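Shown next: run38.txt, containing compact mmCIF, C-alpha atoms.
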```txt
# COMPACT_ATOMS: atom_id res chain seq x y z
CA MET A 1 73.48 25.73 381.32
CA ASP A 2 73.54 26.57 377.60
CA THR A 3 77.23 26.53 376.70
CA HIS A 4 76.63 28.26 373.37
CA ALA A 5 75.54 31.40 375.21
CA MET A 6 79.05 31.69 376.64
CA GLY A 7 80.89 31.10 373.41
CA GLY A 8 80.25 27.42 372.83
CA ILE A 9 82.58 25.35 374.95
CA VAL A 10 83.30 22.09 373.17
CA PRO A 11 84.63 19.16 375.22
CA MET A 12 87.48 17.07 373.86
CA ARG A 13 86.08 13.75 372.70
CA GLY A 14 87.02 11.30 370.03
CA SER A 15 85.25 12.17 366.82
CA GLY A 16 85.19 8.77 365.17
CA GLY A 17 82.53 9.75 362.63
CA ARG A 18 84.38 12.77 361.28
CA ALA A 19 84.38 13.07 357.53
CA GLY A 20 86.39 15.28 355.25
CA THR A 21 90.03 16.16 354.93
CA LEU A 22 92.25 18.42 356.95
CA PRO A 23 93.34 21.71 355.42
CA ALA A 24 97.01 20.70 355.82
CA THR A 25 99.34 18.10 354.38
CA SER A 26 100.69 15.38 356.65
CA ASP A 27 104.07 17.19 356.69
CA GLU A 28 102.39 20.44 357.71
CA LEU A 29 100.39 18.65 360.40
CA SER A 30 103.54 17.05 361.74
CA ARG A 31 105.27 20.45 361.90
CA LEU A 32 102.26 21.98 363.68
CA LEU A 33 102.14 19.17 366.25
CA THR A 34 105.83 19.75 366.96
CA ALA A 35 105.32 23.53 367.15
CA VAL A 36 102.63 23.11 369.82
CA ARG A 37 104.78 20.69 371.85
CA ARG A 38 107.85 22.94 371.74
CA GLY A 39 106.34 26.43 371.76
CA ARG A 40 103.92 28.29 373.97
CA VAL A 41 101.52 29.83 371.45
CA LEU A 42 100.52 28.71 367.97
CA THR A 43 97.81 30.50 366.02
CA VAL A 44 96.29 29.10 362.84
CA THR A 45 95.04 31.97 360.71
CA GLY A 46 93.04 32.16 357.55
CA ARG A 47 90.03 33.73 355.96
CA PHE A 48 87.54 30.92 356.58
CA ARG A 49 86.62 29.67 360.05
CA GLU A 50 85.76 26.05 359.28
CA PRO A 51 89.22 24.98 358.02
CA ARG A 52 90.95 26.78 360.92
CA SER A 53 88.63 25.17 363.46
CA LEU A 54 88.98 21.72 361.95
CA LEU A 55 92.77 21.93 362.03
CA VAL A 56 93.14 23.18 365.63
CA ARG A 57 90.62 20.63 366.89
CA GLU A 58 92.51 17.83 365.15
CA ILE A 59 95.79 19.03 366.67
CA ALA A 60 94.17 19.28 370.12
CA GLU A 61 92.68 15.80 369.82
CA ARG A 62 96.04 14.32 368.87
CA LEU A 63 97.94 16.12 371.63
CA ALA A 64 95.49 16.09 374.56
CA SER A 65 97.11 12.99 376.07
CA ASN A 66 100.50 14.74 376.06
CA PHE A 67 99.28 17.09 378.80
CA CYS A 68 98.58 15.92 382.35
CA ASP A 69 95.45 18.08 382.48
CA GLY A 70 94.45 17.43 378.87
CA ALA A 71 93.03 20.02 376.50
CA ALA A 72 90.33 22.61 377.08
CA VAL A 73 88.56 23.86 373.97
CA VAL A 74 86.72 27.18 374.05
CA ARG A 75 84.72 28.14 370.98
CA ILE A 76 84.29 31.90 370.81
CA ASP A 77 81.38 32.89 368.58
CA ARG A 78 80.90 36.58 369.24
CA GLY A 79 82.78 39.81 369.65
CA GLY A 80 83.57 41.33 373.02
CA PHE A 81 84.73 38.04 374.58
CA GLY A 82 86.54 39.43 377.61
CA ILE A 83 88.29 38.14 380.70
CA ARG A 84 85.05 37.38 382.54
CA GLU A 85 83.64 35.39 379.62
CA LEU A 86 86.93 33.56 379.09
CA THR A 87 87.37 32.55 382.74
CA ALA A 88 83.70 31.54 382.97
CA ALA A 89 84.05 29.43 379.81
CA LEU A 90 87.12 27.70 381.23
CA GLY A 91 85.20 26.90 384.41
CA CYS A 92 82.52 25.17 382.33
CA VAL A 93 84.79 22.85 380.34
CA PRO A 94 83.75 19.27 381.15
CA GLY A 95 86.32 17.50 383.27
CA MET A 96 87.91 20.69 384.52
CA ALA A 97 87.71 21.34 388.23
CA PHE A 98 85.60 24.27 389.42
CA LEU A 99 87.73 27.37 388.99
CA PRO A 100 88.02 30.06 391.66
CA CYS A 101 86.03 33.22 390.99
CA GLY A 102 87.71 36.12 389.25
CA ALA A 103 90.59 36.48 386.86
CA ALA A 104 93.29 36.41 389.58
CA GLY A 105 91.96 33.19 391.13
CA THR A 106 91.67 31.51 387.75
CA LEU A 107 95.17 32.66 386.80
CA SER A 108 96.57 31.24 390.04
CA TRP A 109 94.74 27.93 389.55
CA LEU A 110 95.85 27.58 385.93
CA ALA A 111 99.46 28.39 386.90
CA GLU A 112 99.70 24.88 388.33
CA ARG A 113 98.28 23.14 385.27
CA ASP A 114 99.90 21.22 382.42
CA MET A 115 97.35 21.72 379.66
CA LEU A 116 96.59 22.80 376.13
CA LEU A 117 94.19 25.74 375.93
CA VAL A 118 92.47 25.87 372.55
CA LEU A 119 90.81 29.15 371.57
CA ASP A 120 88.64 28.78 368.49
CA GLY A 121 87.69 32.29 367.38
CA GLY A 122 90.62 34.33 368.65
CA GLU A 123 89.58 37.37 366.63
CA PHE A 124 86.68 37.90 369.06
CA LEU A 125 88.88 38.26 372.18
CA THR A 126 89.05 41.73 373.69
CA PRO A 127 92.41 43.45 374.23
CA GLN A 128 91.95 42.91 377.97
CA ALA A 129 91.45 39.16 377.46
CA LEU A 130 94.58 39.03 375.28
CA SER A 131 96.53 40.85 377.99
CA TRP A 132 95.23 38.35 380.57
CA LEU A 133 96.39 35.48 378.34
CA GLY A 134 99.86 37.08 378.29
CA GLU A 135 99.80 37.11 382.10
CA LEU A 136 98.66 33.50 382.08
CA LEU A 137 101.60 32.46 379.92
CA ALA A 138 104.02 34.25 382.25
CA ALA A 139 102.52 32.58 385.34
CA ALA A 140 101.80 29.11 383.94
CA PRO A 141 104.81 27.38 382.38
CA GLY A 142 102.80 24.22 381.67
CA VAL A 143 100.06 25.94 379.68
CA ARG A 144 100.22 26.06 375.89
CA ILE A 145 97.81 28.04 373.73
CA LEU A 146 96.58 26.85 370.36
CA ALA A 147 94.33 29.40 368.68
CA ALA A 148 92.39 29.77 365.47
CA GLY A 149 91.45 33.17 364.13
CA ARG A 150 91.57 35.58 361.25
CA GLY A 151 94.87 36.96 362.48
CA PRO A 152 97.54 36.42 365.13
CA LEU A 153 96.76 37.01 368.80
CA GLY A 154 99.87 39.16 369.23
CA LEU A 155 101.21 37.27 372.26
CA ALA A 156 104.93 37.04 372.99
CA GLY A 157 106.60 34.08 371.31
CA GLU A 158 103.58 33.36 369.12
CA ARG A 159 104.07 31.26 366.01
CA VAL A 160 101.61 31.71 363.17
CA HIS A 161 100.50 29.18 360.57
CA ARG A 162 98.54 30.70 357.68
CA LEU A 163 96.08 28.53 355.78
```

Rewrite the coordinates I just gave you, this time as C-alpha cells.
Amino acid sequence: MDTHAMGGIVPMRGSGGRAGTLPATSDELSRLLTAVRRGRVLTVTGRFREPRSLLVREIAERLASNFCDGAAVVRIDRGGFGIRELTAALGCVPGMAFLPCGAAGTLSWLAERDMLLVLDGGEFLTPQALSWLGELLAAAPGVRILAAGRGPLGLAGERVHRL
C-alpha cells in the first residue's frame, strides 16, 4: 500500500543521520516537552511547514518511550483529510494493531491507549475530523495530540507554540 496516497504515514524511527538545527532553543524545546507531557493538545504553528514538522517529529521521537503505546505520526499532505482518512491512516501506522472499522470502533479502541498522536499538517483536517478528535480526547484520557499546522486546531485545552 502506498502510504503517501493516504497522507503519508511516517513511522517513528531513530533518525541518526539527521542534519540541521531545530527551530527552537533548548529552553523552548524543554518547555514544549513538558507541555506535551502535562497537557492534552499542543499545536506548533508557523508559516513554513518544514520547521514545524521538524520540531514536532523531534518532540515525538524524544517522548515516544514515555507512552506505553508509543507515538503514531500521521503526515497530512492534502486538503479534505476527514474522519475516514484519519482513521485509515491510524490503522496503517507500523506497529499499531489493526483498528476496527469505522470512526466509532477506532474511537473505542483508542480510548484504551496511552499514546502520542502526532498530526503533521493539521490545517488540512476537515471540521468533522477536528470534531472527532475532540471526541477522542474526551473518551481517551491516555491520548495526547501533538500537531503542526499553519494555525491552531481549535480543540479544548489546546496550547499553541508559534514559530

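Atom to atom, CA of Leu125 (chain A) and CA of Val93 (chain A) stand 17.9 Å apart.
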
Legend entry - Who sits within 9 Å of region 145-158 of chain A, all atoms listed in the file, same chain under 5 positions skipped, as a VMD selection string: chain A and resid 36 39 to 49 52 to 53 55 to 56 59 to 60 115 to 125 130 to 131 133 to 134 137

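Among the candidates A:Pro127, A:Leu22, A:Arg144, A:Thr34, the one nearest to Gly82 (chain A) when counting only C-alpha atoms is A:Pro127.
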
Inset, instruction - Please indicate the distance in Å from CA of Asn66 (chain A) to CA of Ser30 (chain A), rounded to one decimal place. - result: 14.8 Å

Inset, instruction - Could you check how far CA of Glu61 (chain A) sits from CA of Ala111 (chain A), in Å to one decimal? - result: 22.3 Å

Please provide the set of residues having any atom within 9 Å of Glu112 (chain A), restricted to all atoms listed in the file, with same-chain residues fewer than 4 positions apart removed, written as a PDB file with C-alpha atoms, in the coordinates of the input.
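Below you can see result-v6.pdb, which holds the result:
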```pdb
ATOM      1  CA  SER A 108      96.570  31.240 390.040  1.00  0.00           C
ATOM      2  CA  ALA A 139     102.520  32.580 385.340  1.00  0.00           C
ATOM      3  CA  ALA A 140     101.800  29.110 383.940  1.00  0.00           C
ATOM      4  CA  PRO A 141     104.810  27.380 382.380  1.00  0.00           C
ATOM      5  CA  GLY A 142     102.800  24.220 381.670  1.00  0.00           C
ATOM      6  CA  VAL A 143     100.060  25.940 379.680  1.00  0.00           C
TER       7      VAL A 143
END
```

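Using only C-alpha atoms for every distance, the candidate list A:Leu63, A:Leu110, A:Arg31, A:Thr126 yields A:Leu110 as the residue closest to Leu90 (chain A).
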
Inset, instruction - Counting only C-alpha atoms, select every polymer residue within 6 Å of (90.7, 32.0, 382.6) as defined in the file's coordinates, and provide the selection as number ranges by chain. - result: A: 86-87, 90, 106

Legend entry - Which of A:Arg75, A:Arg57, A:His161, A:Arg62 sits closest to Ala89 (chain A) [using only C-alpha atoms]: A:Arg75
